[in-house]
Amino acid sequence: MTGGSGSATSPRRLRRGAVPAAILAVTALLIATVLWLRPGPDDGSDAPEAAATPVDLADLPHPSAVAVPDFSGAETRDPADPLAEGPADAPVVLVVFTDYQCPYCARWTEDTLPALREHVEAGELRIEWRDVNVYGEDSTRAARASLAAALQDRHEDYHQALFADGEVRPATELDEDSLIGLATELDLDVEQFTADLRSEEVVRTIEEHAAEGIALGAVTTPSFVLAGTPTVGAQPTEVFLDQLDEALEEAGA
């Protein structure tokens, strides 16, 4: 999906129960931030480890006493980024940290992403995709394939195909031949796709994106930064739409 100003009619929704929702959102943010800032595994395992010590909610300060952390540095707003949807100057940016073997990422893509893409079409939201590949080499290879498709302006189609029907593909379908076969099914330029899939530039870009995500603390997937605010996990669609409404209001959009 390419960037643009979108339709004249915004898909903004009426806000309900704003004050209680805000308190709940900040409380959830406190918990999410504890998870977000938890260091990643150092034993070489593909999947992230569970927290060594459970979080005691009684130890967390009241939401009103906590400054919301700002992770807006995760945004690039690079107009040449092939892994981005929406205009670089959109009032709000959502950075998505994902993995092509993550079932919750697949479900979020099926359940929530379509609603957010309405705001992309309206020019209100930009989505920047970053694969952190916590499940290992098969995920990394799929991320390279996704970027290779993006270089032909087909990231959305390829991403959706990898998460078809809200499900992940088995690892046996993430080998190079299968990924090239998927490019064939989607009518991409297969010769160019294959060259890009294997190119040093694509390999380096995917490695850099993963390293940036891990450095930010995105050691579980999916993780998100919306208007500088981190969220961990495939929360219900309404959570993201409420956060987006608040961010748009703050941005005066």
# chains A, B, ... in the order shown; residues from 1 in each chain; ligands from 1
$ select_by_dssp --residues "stretch 29-251 of chain A" --states "alpha helix (DSSP H)" --output "PyMOL selection string"
chain A and resi 29-36+103-111+113-121+137-150+155-162+176-185+190-198+200-216+237-250
$ select_by_dssp --residues "stretch 108-139 of chain A" --states "strand (DSSP E or B)" --output "list of chain:residue names"
A:Leu125, A:Arg126, A:Ile127, A:Glu128, A:Trp129, A:Arg130, A:Asp131
$ residues_around --residues "A:Gln160" --least-positions-apart "5" --cutoff "9 Å" --atoms "only C-alpha atoms" --output "ChimeraX atom specification"
/A:106,109-110,155,165-166
$ closest_residue --among "A:His209, A:Phe224, A:Ala150, A:Arg204" --to "A:Leu188" --atoms "only C-alpha atoms"
A:Ala150
$ atom_distance --atom1 "atom CA of A:Asp81" --atom2 "atom CA of A:Leu226"
17.7 Å
$ residues_around --residues "A:Ser223" --least-positions-apart "4" --cutoff "6 Å" --atoms "only C-alpha atoms" --output "ChimeraX atom specification"
/A:97,231-233
$ closest_residue --among "A:Tyr104, A:Val168, A:Glu124, A:His119" --to "A:Ala88" --atoms "only C-alpha atoms"
A:Glu124
$ atom_distance --atom1 "atom CA of A:Val120" --atom2 "atom CA of A:Gly86"
5.3 Å
